[in-house]
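File shown: run-v2.json (JSON, C-alpha atoms).
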```json
[["chain", "number", "residue", "atom", "x", "y", "z"],
["A", 17, "MET", "CA", 0.00, 0.00, 0.00],
["A", 18, "THR", "CA", 1.38, 3.38, -0.97],
["A", 19, "ILE", "CA", 1.37, 5.92, 1.84],
["A", 20, "ASN", "CA", 0.71, 9.48, 0.76],
["A", 21, "GLU", "CA", 1.52, 11.86, 3.60],
["A", 22, "ASN", "CA", 0.24, 14.79, 1.57],
["A", 23, "THR", "CA", -3.36, 13.67, 2.01],
["A", 24, "THR", "CA", -5.77, 13.71, 4.91],
["A", 25, "GLN", "CA", -9.04, 11.96, 5.51],
["A", 26, "ASP", "CA", -12.17, 13.57, 6.93],
["A", 27, "ILE", "CA", -13.96, 11.42, 9.49],
["A", 28, "GLY", "CA", -17.08, 13.52, 9.89],
["A", 29, "ILE", "CA", -16.10, 15.99, 12.61],
["A", 30, "THR", "CA", -15.05, 19.40, 11.31],
["A", 31, "GLY", "CA", -11.34, 19.99, 11.89],
["A", 32, "VAL", "CA", -10.51, 16.39, 12.73],
["A", 33, "ARG", "CA", -8.13, 14.99, 10.10],
["A", 34, "ILE", "CA", -6.28, 11.73, 9.66],
["A", 35, "GLN", "CA", -3.02, 11.71, 7.71],
["A", 36, "PRO", "CA", -1.35, 8.41, 6.81],
["A", 37, "LEU", "CA", 2.21, 7.94, 8.07],
["A", 38, "ALA", "CA", 4.93, 5.90, 6.39],
["A", 39, "ILE", "CA", 6.64, 2.91, 8.00],
["A", 40, "PHE", "CA", 10.01, 1.70, 6.67],
["A", 41, "PRO", "CA", 10.70, -1.85, 7.86],
["A", 42, "THR", "CA", 14.28, -3.01, 8.40],
["A", 43, "PRO", "CA", 15.58, -6.33, 9.79],
["A", 44, "ASP", "CA", 16.61, -4.52, 13.00],
["A", 45, "GLY", "CA", 13.39, -2.60, 13.57],
["A", 46, "ALA", "CA", 11.27, -0.16, 11.61],
["A", 47, "VAL", "CA", 11.68, 3.56, 11.04],
["A", 48, "LEU", "CA", 8.34, 5.37, 11.43],
["A", 49, "HIS", "CA", 7.51, 8.86, 10.32],
["A", 50, "MET", "CA", 5.71, 11.29, 12.64],
["A", 51, "LEU", "CA", 5.90, 14.89, 11.41],
["A", 52, "ARG", "CA", 7.94, 16.41, 8.62],
["A", 53, "PRO", "CA", 7.84, 19.34, 6.23],
["A", 54, "GLY", "CA", 5.65, 18.66, 3.21],
["A", 55, "ALA", "CA", 3.25, 16.40, 5.07],
["A", 56, "ALA", "CA", -0.34, 17.61, 5.06],
["A", 57, "LEU", "CA", -0.64, 18.37, 8.78],
["A", 58, "PHE", "CA", 2.68, 20.20, 8.94],
["A", 59, "SER", "CA", 0.76, 23.33, 8.00],
["A", 60, "ASP", "CA", -0.49, 23.51, 11.61],
["A", 61, "PHE", "CA", 3.04, 24.45, 12.60],
["A", 62, "GLY", "CA", 3.50, 27.57, 10.51],
["A", 63, "GLU", "CA", 4.36, 29.54, 13.63],
["A", 64, "GLY", "CA", 6.65, 26.90, 15.10],
["A", 65, "PHE", "CA", 5.79, 23.98, 17.26],
["A", 66, "GLY", "CA", 4.74, 23.94, 20.85],
["A", 67, "GLU", "CA", 5.66, 20.73, 22.57],
["A", 68, "ILE", "CA", 6.30, 17.06, 21.99],
["A", 69, "TYR", "CA", 5.41, 14.61, 24.73],
["A", 70, "PHE", "CA", 4.29, 11.03, 25.21],
["A", 71, "SER", "CA", 1.24, 9.61, 26.91],
["A", 72, "GLU", "CA", 1.51, 5.99, 27.90],
["A", 73, "VAL", "CA", -1.76, 4.08, 28.29],
["A", 74, "LEU", "CA", -1.72, 0.86, 30.27],
["A", 75, "SER", "CA", -3.59, -2.10, 28.77],
["A", 76, "GLY", "CA", -7.32, -1.73, 29.34],
["A", 77, "HIS", "CA", -7.00, 1.63, 31.08],
["A", 78, "VAL", "CA", -8.96, 4.71, 29.99],
["A", 79, "LYS", "CA", -7.81, 8.31, 29.83],
["A", 80, "ALA", "CA", -10.93, 10.45, 29.26],
["A", 81, "TRP", "CA", -12.31, 13.06, 28.75],
["A", 82, "LYS", "CA", -10.31, 16.08, 27.75],
["A", 83, "ARG", "CA", -10.57, 19.04, 25.45],
["A", 84, "HIS", "CA", -8.38, 22.07, 24.84],
["A", 85, "ALA", "CA", -9.37, 25.67, 24.29],
["A", 86, "HIS", "CA", -6.22, 26.68, 22.39],
["A", 87, "GLN", "CA", -3.96, 23.66, 21.75],
["A", 88, "THR", "CA", -4.32, 21.50, 18.63],
["A", 89, "GLN", "CA", -3.21, 17.89, 19.15],
["A", 90, "HIS", "CA", -1.40, 15.62, 16.66],
["A", 91, "PHE", "CA", -1.33, 12.03, 17.83],
["A", 92, "ALA", "CA", 0.61, 9.08, 16.46],
["A", 93, "VAL", "CA", 0.80, 5.66, 18.13],
["A", 94, "PRO", "CA", 4.12, 3.94, 17.35],
["A", 95, "VAL", "CA", 3.74, 1.24, 20.05],
["A", 96, "GLY", "CA", 0.58, -0.71, 20.94],
["A", 97, "LYS", "CA", -2.91, 0.19, 19.86],
["A", 98, "ILE", "CA", -5.50, 2.63, 21.13],
["A", 99, "LYS", "CA", -9.17, 3.19, 20.57],
["A", 100, "ILE", "CA", -9.83, 6.91, 20.62],
["A", 101, "VAL", "CA", -13.26, 8.47, 20.89],
["A", 102, "LEU", "CA", -14.00, 11.99, 19.68],
["A", 103, "PHE", "CA", -17.14, 13.97, 20.46],
["A", 104, "ASP", "CA", -18.14, 17.31, 19.00],
["A", 105, "ASP", "CA", -20.37, 19.50, 21.15],
["A", 106, "ARG", "CA", -19.07, 22.83, 19.82],
["A", 107, "GLU", "CA", -21.93, 25.25, 19.77],
["A", 108, "HIS", "CA", -21.52, 26.51, 16.20],
["A", 109, "SER", "CA", -20.10, 23.36, 14.61],
["A", 110, "THR", "CA", -21.90, 21.91, 11.62],
["A", 111, "THR", "CA", -20.99, 18.47, 12.98],
["A", 112, "ARG", "CA", -22.25, 19.14, 16.51],
["A", 113, "GLY", "CA", -23.42, 15.96, 18.18],
["A", 114, "VAL", "CA", -21.21, 13.68, 16.09],
["A", 115, "LEU", "CA", -19.22, 11.01, 17.94],
["A", 116, "ARG", "CA", -16.53, 8.90, 16.30],
["A", 117, "GLU", "CA", -14.48, 5.90, 17.41],
["A", 118, "LEU", "CA", -11.09, 5.41, 15.74],
["A", 119, "LEU", "CA", -8.19, 3.00, 16.04],
["A", 120, "LEU", "CA", -4.61, 4.18, 16.07],
["A", 121, "GLY", "CA", -1.62, 1.83, 15.93],
["A", 122, "ARG", "CA", 0.52, -0.32, 13.67],
["A", 123, "PRO", "CA", 0.34, -1.70, 11.13],
["A", 124, "ASP", "CA", -3.06, -0.76, 9.72],
["A", 125, "HIS", "CA", -3.71, 2.47, 11.58],
["A", 126, "TYR", "CA", -0.35, 4.12, 11.77],
["A", 127, "ASP", "CA", -1.71, 7.60, 11.15],
["A", 128, "LEU", "CA", -1.35, 11.15, 12.40],
["A", 129, "LEU", "CA", -4.61, 12.28, 14.00],
["A", 130, "ARG", "CA", -5.33, 16.00, 14.26],
["A", 131, "ILE", "CA", -7.70, 16.93, 17.08],
["A", 132, "PRO", "CA", -8.87, 20.54, 16.85],
["A", 133, "VAL", "CA", -9.63, 22.79, 19.78],
["A", 134, "ASN", "CA", -12.84, 22.25, 21.76],
["A", 135, "VAL", "CA", -13.46, 18.69, 20.56],
["A", 136, "TRP", "CA", -13.69, 16.16, 23.42],
["A", 137, "TYR", "CA", -11.43, 13.13, 23.27],
["A", 138, "GLY", "CA", -10.62, 10.08, 25.31],
["A", 139, "PHE", "CA", -8.75, 6.84, 24.65],
["A", 140, "THR", "CA", -8.03, 3.36, 25.90],
["A", 141, "ALA", "CA", -5.25, 0.88, 25.14],
["A", 142, "ILE", "CA", -6.65, -2.18, 23.44],
["A", 143, "GLY", "CA", -4.82, -5.49, 23.36],
["A", 144, "ASP", "CA", -2.51, -6.99, 25.95],
["A", 145, "THR", "CA", 0.21, -4.36, 25.98],
["A", 146, "SER", "CA", 0.59, -0.72, 26.88],
["A", 147, "ALA", "CA", 0.28, 1.79, 24.09],
["A", 148, "LEU", "CA", 2.33, 4.92, 23.55],
["A", 149, "ILE", "CA", 0.89, 8.09, 22.09],
["A", 150, "CYS", "CA", 3.27, 10.76, 20.82],
["A", 151, "ASN", "CA", 1.64, 14.18, 20.69],
["A", 152, "CYS", "CA", 3.10, 17.05, 18.76],
["A", 153, "ALA", "CA", 1.10, 20.07, 19.88],
["A", 154, "ASP", "CA", 1.11, 23.48, 18.29],
["A", 155, "ILE", "CA", 1.46, 25.36, 21.59],
["A", 156, "PRO", "CA", 3.12, 24.29, 24.86],
["A", 157, "HIS", "CA", 1.12, 22.62, 27.61],
["A", 158, "ASP", "CA", -0.83, 25.08, 29.72],
["A", 159, "PRO", "CA", -3.04, 23.56, 32.42],
["A", 160, "LYS", "CA", -5.36, 26.57, 32.24],
["A", 161, "GLU", "CA", -6.52, 25.83, 28.70],
["A", 162, "GLY", "CA", -7.34, 22.14, 29.19],
["A", 163, "ILE", "CA", -10.73, 21.01, 30.45],
["A", 164, "THR", "CA", -11.42, 17.51, 31.75],
["A", 165, "LEU", "CA", -14.55, 15.47, 32.51],
["A", 166, "PRO", "CA", -14.78, 12.09, 34.23],
["A", 167, "ALA", "CA", -14.76, 9.06, 31.88],
["A", 168, "ASN", "CA", -18.39, 8.29, 32.84],
["A", 169, "ASP", "CA", -19.71, 11.84, 32.56],
["A", 170, "PRO", "CA", -23.32, 11.71, 31.34],
["A", 171, "SER", "CA", -22.93, 14.75, 29.08],
["A", 172, "ILE", "CA", -20.98, 12.65, 26.56],
["A", 173, "PRO", "CA", -23.03, 9.83, 24.96],
["A", 174, "TYR", "CA", -20.41, 7.10, 25.26],
["A", 175, "ARG", "CA", -19.77, 4.37, 27.81],
["A", 176, "TRP", "CA", -16.23, 3.06, 28.17],
["B", 27, "MET", "CA", 14.64, 13.11, 42.44],
["B", 28, "THR", "CA", 13.93, 16.52, 41.02],
["B", 29, "ILE", "CA", 14.21, 16.77, 37.24],
["B", 30, "ASN", "CA", 15.60, 20.03, 35.96],
["B", 31, "GLU", "CA", 15.08, 20.28, 32.21],
["B", 32, "ASN", "CA", 17.02, 23.53, 32.13],
["B", 33, "THR", "CA", 20.30, 21.72, 32.69],
["B", 34, "THR", "CA", 22.49, 19.52, 30.53],
["B", 35, "GLN", "CA", 25.31, 17.18, 31.35],
["B", 36, "ASP", "CA", 28.60, 16.95, 29.45],
["B", 37, "ILE", "CA", 29.78, 13.39, 28.86],
["B", 38, "GLY", "CA", 33.20, 14.19, 27.47],
["B", 39, "ILE", "CA", 32.54, 14.60, 23.74],
["B", 40, "THR", "CA", 32.25, 18.21, 22.61],
["B", 41, "GLY", "CA", 28.69, 19.02, 21.55],
["B", 42, "VAL", "CA", 27.11, 15.89, 23.03],
["B", 43, "ARG", "CA", 24.71, 16.88, 25.80],
["B", 44, "ILE", "CA", 22.29, 14.99, 28.03],
["B", 45, "GLN", "CA", 19.22, 16.78, 29.36],
["B", 46, "PRO", "CA", 17.02, 15.11, 31.98],
["B", 47, "LEU", "CA", 13.37, 14.66, 31.04],
["B", 48, "ALA", "CA", 10.42, 14.63, 33.44],
["B", 49, "ILE", "CA", 8.07, 11.68, 33.88],
["B", 50, "PHE", "CA", 4.64, 12.21, 35.45],
["B", 51, "PRO", "CA", 3.19, 8.88, 36.62],
["B", 52, "THR", "CA", -0.57, 8.35, 36.67],
["B", 53, "PRO", "CA", -2.55, 5.19, 37.51],
["B", 54, "ASP", "CA", -3.44, 4.82, 33.81],
["B", 55, "GLY", "CA", 0.06, 5.34, 32.40],
["B", 56, "ALA", "CA", 2.71, 8.01, 32.60],
["B", 57, "VAL", "CA", 3.07, 11.28, 30.76],
["B", 58, "LEU", "CA", 6.64, 11.82, 29.56],
["B", 59, "HIS", "CA", 8.21, 15.02, 28.36],
["B", 60, "MET", "CA", 10.27, 15.11, 25.15],
["B", 61, "LEU", "CA", 10.87, 18.66, 23.91],
["B", 62, "ARG", "CA", 9.36, 21.93, 25.05],
["B", 63, "PRO", "CA", 10.18, 25.62, 25.16],
["B", 64, "GLY", "CA", 12.35, 26.52, 28.11],
["B", 65, "ALA", "CA", 14.16, 23.20, 28.16],
["B", 66, "ALA", "CA", 17.91, 23.44, 27.67],
["B", 67, "LEU", "CA", 18.11, 21.70, 24.30],
["B", 68, "PHE", "CA", 15.20, 23.64, 22.82],
["B", 69, "SER", "CA", 17.74, 26.26, 21.78],
["B", 70, "ASP", "CA", 18.77, 23.96, 18.92],
["B", 71, "PHE", "CA", 15.41, 24.76, 17.33],
["B", 72, "GLY", "CA", 15.70, 28.50, 17.05],
["B", 73, "GLU", "CA", 15.03, 28.31, 13.32],
["B", 74, "GLY", "CA", 12.21, 25.79, 13.60],
["B", 75, "PHE", "CA", 12.36, 22.08, 13.75],
["B", 76, "GLY", "CA", 13.10, 19.65, 10.98],
["B", 77, "GLU", "CA", 11.47, 16.31, 11.56],
["B", 78, "ILE", "CA", 10.19, 13.96, 14.20],
["B", 79, "TYR", "CA", 10.42, 10.23, 13.61],
["B", 80, "PHE", "CA", 10.79, 6.98, 15.49],
["B", 81, "SER", "CA", 13.40, 4.26, 15.22],
["B", 82, "GLU", "CA", 12.37, 0.93, 16.63],
["B", 83, "VAL", "CA", 15.17, -1.40, 17.71],
["B", 84, "LEU", "CA", 14.41, -5.08, 18.10],
["B", 85, "SER", "CA", 15.77, -6.79, 21.21],
["B", 86, "GLY", "CA", 19.45, -7.57, 20.77],
["B", 87, "HIS", "CA", 19.68, -5.97, 17.34],
["B", 88, "VAL", "CA", 22.24, -3.32, 16.46],
["B", 89, "LYS", "CA", 21.83, -0.24, 14.31],
["B", 90, "ALA", "CA", 25.33, 1.17, 13.64],
["B", 91, "TRP", "CA", 27.23, 3.23, 12.54],
["B", 92, "LYS", "CA", 25.90, 6.53, 11.36],
["B", 93, "ARG", "CA", 26.88, 10.16, 11.39],
["B", 94, "HIS", "CA", 25.35, 13.28, 9.88],
["B", 95, "ALA", "CA", 27.04, 16.19, 8.17],
["B", 96, "HIS", "CA", 24.26, 18.72, 8.85],
["B", 97, "GLN", "CA", 21.51, 17.22, 11.04],
["B", 98, "THR", "CA", 21.65, 17.40, 14.84],
["B", 99, "GLN", "CA", 19.83, 14.52, 16.57],
["B", 100, "HIS", "CA", 17.80, 14.64, 19.79],
["B", 101, "PHE", "CA", 16.97, 11.17, 21.07],
["B", 102, "ALA", "CA", 14.59, 10.10, 23.83],
["B", 103, "VAL", "CA", 13.64, 6.50, 24.58],
["B", 104, "PRO", "CA", 10.12, 6.29, 26.03],
["B", 105, "VAL", "CA", 9.80, 2.49, 25.57],
["B", 106, "GLY", "CA", 12.46, -0.13, 26.26],
["B", 107, "LYS", "CA", 16.14, 0.56, 26.80],
["B", 108, "ILE", "CA", 19.05, 1.16, 24.48],
["B", 109, "LYS", "CA", 22.78, 1.23, 24.84],
["B", 110, "ILE", "CA", 24.14, 3.93, 22.55],
["B", 111, "VAL", "CA", 27.79, 4.30, 21.63],
["B", 112, "LEU", "CA", 29.26, 7.61, 20.46],
["B", 113, "PHE", "CA", 32.67, 8.06, 18.86],
["B", 114, "ASP", "CA", 34.37, 11.33, 18.03],
["B", 115, "ASP", "CA", 36.84, 11.27, 15.15],
["B", 116, "ARG", "CA", 36.28, 14.88, 14.10],
["B", 117, "GLU", "CA", 39.55, 16.23, 12.85],
["B", 118, "HIS", "CA", 39.60, 19.46, 14.84],
["B", 119, "SER", "CA", 37.71, 18.31, 17.92],
["B", 120, "THR", "CA", 39.40, 18.67, 21.29],
["B", 121, "THR", "CA", 37.76, 15.37, 22.25],
["B", 122, "ARG", "CA", 38.91, 13.48, 19.14],
["B", 123, "GLY", "CA", 39.32, 9.78, 19.83],
["B", 124, "VAL", "CA", 36.88, 9.72, 22.76],
["B", 125, "LEU", "CA", 34.30, 6.90, 22.78],
["B", 126, "ARG", "CA", 31.36, 6.81, 25.18],
["B", 127, "GLU", "CA", 28.71, 4.23, 26.00],
["B", 128, "LEU", "CA", 25.40, 5.52, 27.40],
["B", 129, "LEU", "CA", 22.09, 4.02, 28.45],
["B", 130, "LEU", "CA", 18.79, 5.61, 27.46],
["B", 131, "GLY", "CA", 15.43, 4.45, 28.80],
["B", 132, "ARG", "CA", 13.08, 4.59, 31.76],
["B", 133, "PRO", "CA", 13.16, 5.03, 34.61],
["B", 134, "ASP", "CA", 16.75, 5.98, 35.39],
["B", 135, "HIS", "CA", 17.91, 7.20, 31.99],
["B", 136, "TYR", "CA", 14.90, 8.99, 30.61],
["B", 137, "ASP", "CA", 16.93, 11.80, 29.08],
["B", 138, "LEU", "CA", 17.17, 13.81, 25.89],
["B", 139, "LEU", "CA", 20.48, 13.09, 24.16],
["B", 140, "ARG", "CA", 21.88, 15.65, 21.74],
["B", 141, "ILE", "CA", 24.20, 14.20, 19.09],
["B", 142, "PRO", "CA", 26.04, 16.90, 17.15],
["B", 143, "VAL", "CA", 27.02, 16.67, 13.50],
["B", 144, "ASN", "CA", 29.93, 14.44, 12.48],
["B", 145, "VAL", "CA", 29.95, 12.31, 15.64],
["B", 146, "TRP", "CA", 29.49, 8.59, 14.95],
["B", 147, "TYR", "CA", 26.72, 6.78, 16.79],
["B", 148, "GLY", "CA", 25.21, 3.34, 16.96],
["B", 149, "PHE", "CA", 22.81, 1.61, 19.34],
["B", 150, "THR", "CA", 21.35, -1.70, 20.43],
["B", 151, "ALA", "CA", 18.20, -2.59, 22.37],
["B", 152, "ILE", "CA", 19.09, -4.18, 25.68],
["B", 153, "GLY", "CA", 16.70, -6.33, 27.65],
["B", 154, "ASP", "CA", 13.97, -8.62, 26.37],
["B", 155, "THR", "CA", 11.80, -6.10, 24.55],
["B", 156, "SER", "CA", 12.06, -3.79, 21.59],
["B", 157, "ALA", "CA", 13.01, -0.21, 22.27],
["B", 158, "LEU", "CA", 11.64, 2.93, 20.67],
["B", 159, "ILE", "CA", 13.78, 5.98, 19.97],
["B", 160, "CYS", "CA", 12.03, 9.25, 19.18],
["B", 161, "ASN", "CA", 14.28, 11.64, 17.32],
["B", 162, "CYS", "CA", 13.52, 15.31, 16.97],
["B", 163, "ALA", "CA", 15.98, 16.56, 14.39],
["B", 164, "ASP", "CA", 16.75, 20.18, 13.56],
["B", 165, "ILE", "CA", 16.53, 19.66, 9.77],
["B", 166, "PRO", "CA", 14.51, 17.15, 7.75],
["B", 167, "HIS", "CA", 15.95, 13.80, 6.73],
["B", 168, "ASP", "CA", 18.20, 14.04, 3.69],
["B", 169, "PRO", "CA", 19.89, 10.80, 2.62],
["B", 170, "LYS", "CA", 22.75, 12.79, 1.08],
["B", 171, "GLU", "CA", 23.98, 14.16, 4.40],
["B", 172, "GLY", "CA", 24.04, 10.88, 6.35],
["B", 173, "ILE", "CA", 27.08, 8.57, 6.23],
["B", 174, "THR", "CA", 27.00, 4.96, 7.40],
["B", 175, "LEU", "CA", 29.61, 2.34, 8.23],
["B", 176, "PRO", "CA", 29.10, -1.36, 8.97],
["B", 177, "ALA", "CA", 28.66, -2.23, 12.66],
["B", 178, "ASN", "CA", 31.99, -4.10, 12.65],
["B", 179, "ASP", "CA", 33.97, -1.45, 10.79],
["B", 180, "PRO", "CA", 37.56, -1.50, 12.08],
["B", 181, "SER", "CA", 37.90, 2.29, 11.97],
["B", 182, "ILE", "CA", 35.76, 2.61, 15.12],
["B", 183, "PRO", "CA", 37.34, 1.03, 18.20],
["B", 184, "TYR", "CA", 34.24, -0.76, 19.47],
["B", 185, "ARG", "CA", 32.95, -4.30, 19.09],
["B", 186, "TRP", "CA", 29.20, -4.89, 19.36]]
```

Structure rendered as structure tokens:
Amino acid sequence: MTINENTTQDIGITGVRIQPLAIFPTPDGAVLHMLRPGAALFSDFGEGFGEIYFSEVLSGHVKAWKRHAHQTQHFAVPVGKIKIVLFDDREHSTTRGVLRELLLGRPDHYDLLRIPVNVWYGFTAIGDTSALICNCADIPHDPKEGITLPANDPSIPYRW
Amino acid sequence: MTINENTTQDIGITGVRIQPLAIFPTPDGAVLHMLRPGAALFSDFGEGFGEIYFSEVLSGHVKAWKRHAHQTQHFAVPVGKIKIVLFDDREHSTTRGVLRELLLGRPDHYDLLRIPVNVWYGFTAIGDTSALICNCADIPHDPKEGITLPANDPSIPYRW
């Protein structure tokens, strides 16, 4: 399968984009792209990048819910697999009310996921091993611009 | 132990620096810093960043040797453990001839390693599991500026 990092896929929530990422296998372990000039989602970093960090998710554990007022997320999952759930309750969004479940992880879902501001997200590691998310964010972490809800909050129509 | 990301450690090869990285444990999996404004090695990205990619290393496998003419590497190992070997044969370096072995990986060696241009490096995954290196490089990958040697090349005084 040819990977075209210049393209993104729309999954039905405005501003959420999925960009395929290339994997280059070698006998000693693969090389995996994350973010580079020329790739479709690189355009989010016209004013520089904010922060790169990792979020480990233990097998079966849930990290939910969160949204950001100012920070755009770019997730790739080079190790393990996650199910990520996105929910749009933005007041003026044409896709308000839409909820999507996605898989991220190798080999079939090694993608870069763009999560825009004010869209709720949460994720869980599926399978027997921990998963690792790498997030390249457009602005540095600022606890004041992140909002969280409990995983079982009734305002989001999803049960983990 | 307090992690101070504003500091770097000199390991005896000019231009190689090690910056501690913070880990924030949670019951569902840790959050791990990689690169953010204010951290000591962020100054390498004054003109923007080049590329972020991952290099997986299978248990016991070796990836060696490589050096770059223009690209400065910044390695963190969020999964597994690697032993990395650095060798300086730069003609005008005051540390010419110095070879260093380092460990990278959690929990005790979760650090950001800066590898300057023209220093040879190679690595192997130690322990029973694959390791994952995340590299944030200051310029994008360009095959023309990277030079490789076989792992057993006699010009580098190290046997894997």

Residue list for chain B near chain A as number ranges by chain, 9 Å, only C-alpha atoms: B: 53-63, 73-89, 104-105, 156, 158, 162, 166-167

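Using only C-alpha atoms, the contacts of A:Leu165 at a cut-off of 10 Å, with sequence neighbours closer than 4 positions omitted, comprise Ala80, Trp81, Lys82, Arg83, Trp136, Gly138, Asp169, Pro170, Ser171 and Ile172 of chain A.
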
Near-stretch 129-134 of chain B list (8 Å; all atoms listed in the file; drop same-chain fewer than 4 positions) as a list in words: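 Selected residues are Ala102, Val103, Pro104, Val105, Gly106, Lys107, Ile108, Lys109 and Ile110 of chain B.
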
With C-alpha atoms retained, could you export that selection as a PDB file, in the coordinates of the input?
```pdb
ATOM      1  CA  ALA B 102      14.590  10.100  23.830  1.00  0.00           C
ATOM      2  CA  VAL B 103      13.640   6.500  24.580  1.00  0.00           C
ATOM      3  CA  PRO B 104      10.120   6.290  26.030  1.00  0.00           C
ATOM      4  CA  VAL B 105       9.800   2.490  25.570  1.00  0.00           C
ATOM      5  CA  GLY B 106      12.460  -0.130  26.260  1.00  0.00           C
ATOM      6  CA  LYS B 107      16.140   0.560  26.800  1.00  0.00           C
ATOM      7  CA  ILE B 108      19.050   1.160  24.480  1.00  0.00           C
ATOM      8  CA  LYS B 109      22.780   1.230  24.840  1.00  0.00           C
ATOM      9  CA  ILE B 110      24.140   3.930  22.550  1.00  0.00           C
TER      10      ILE B 110
END
```

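The point (21.2, 13.7, 2.6) has these residues within 10 Å of it, counting all atoms listed in the file: His94, Ala95, His96, Gln97, Pro166, His167, Asp168, Pro169, Lys170, Glu171, Gly172 and Ile173 of chain B.
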
Neighbours of point (33.2, 13.3, 18.1) within 6 Å, using all atoms listed in the file, written as a ChimeraX atom specification: /B:39,113-116,122,145

Spatial neighbours of B:Gly38, 8 Å, all atoms listed in the file, chain gap at least 3 places, as JSON, numbers by chain: {"B": [42, 121, 124, 126]}

Length of the atom CA of B:Gln35 to atom CA of B:Asn144 vector [Å]: 19.6 Å

Atom pair atom CA of B:His118 / atom CA of B:Val143: separation (Å): 13.0 Å
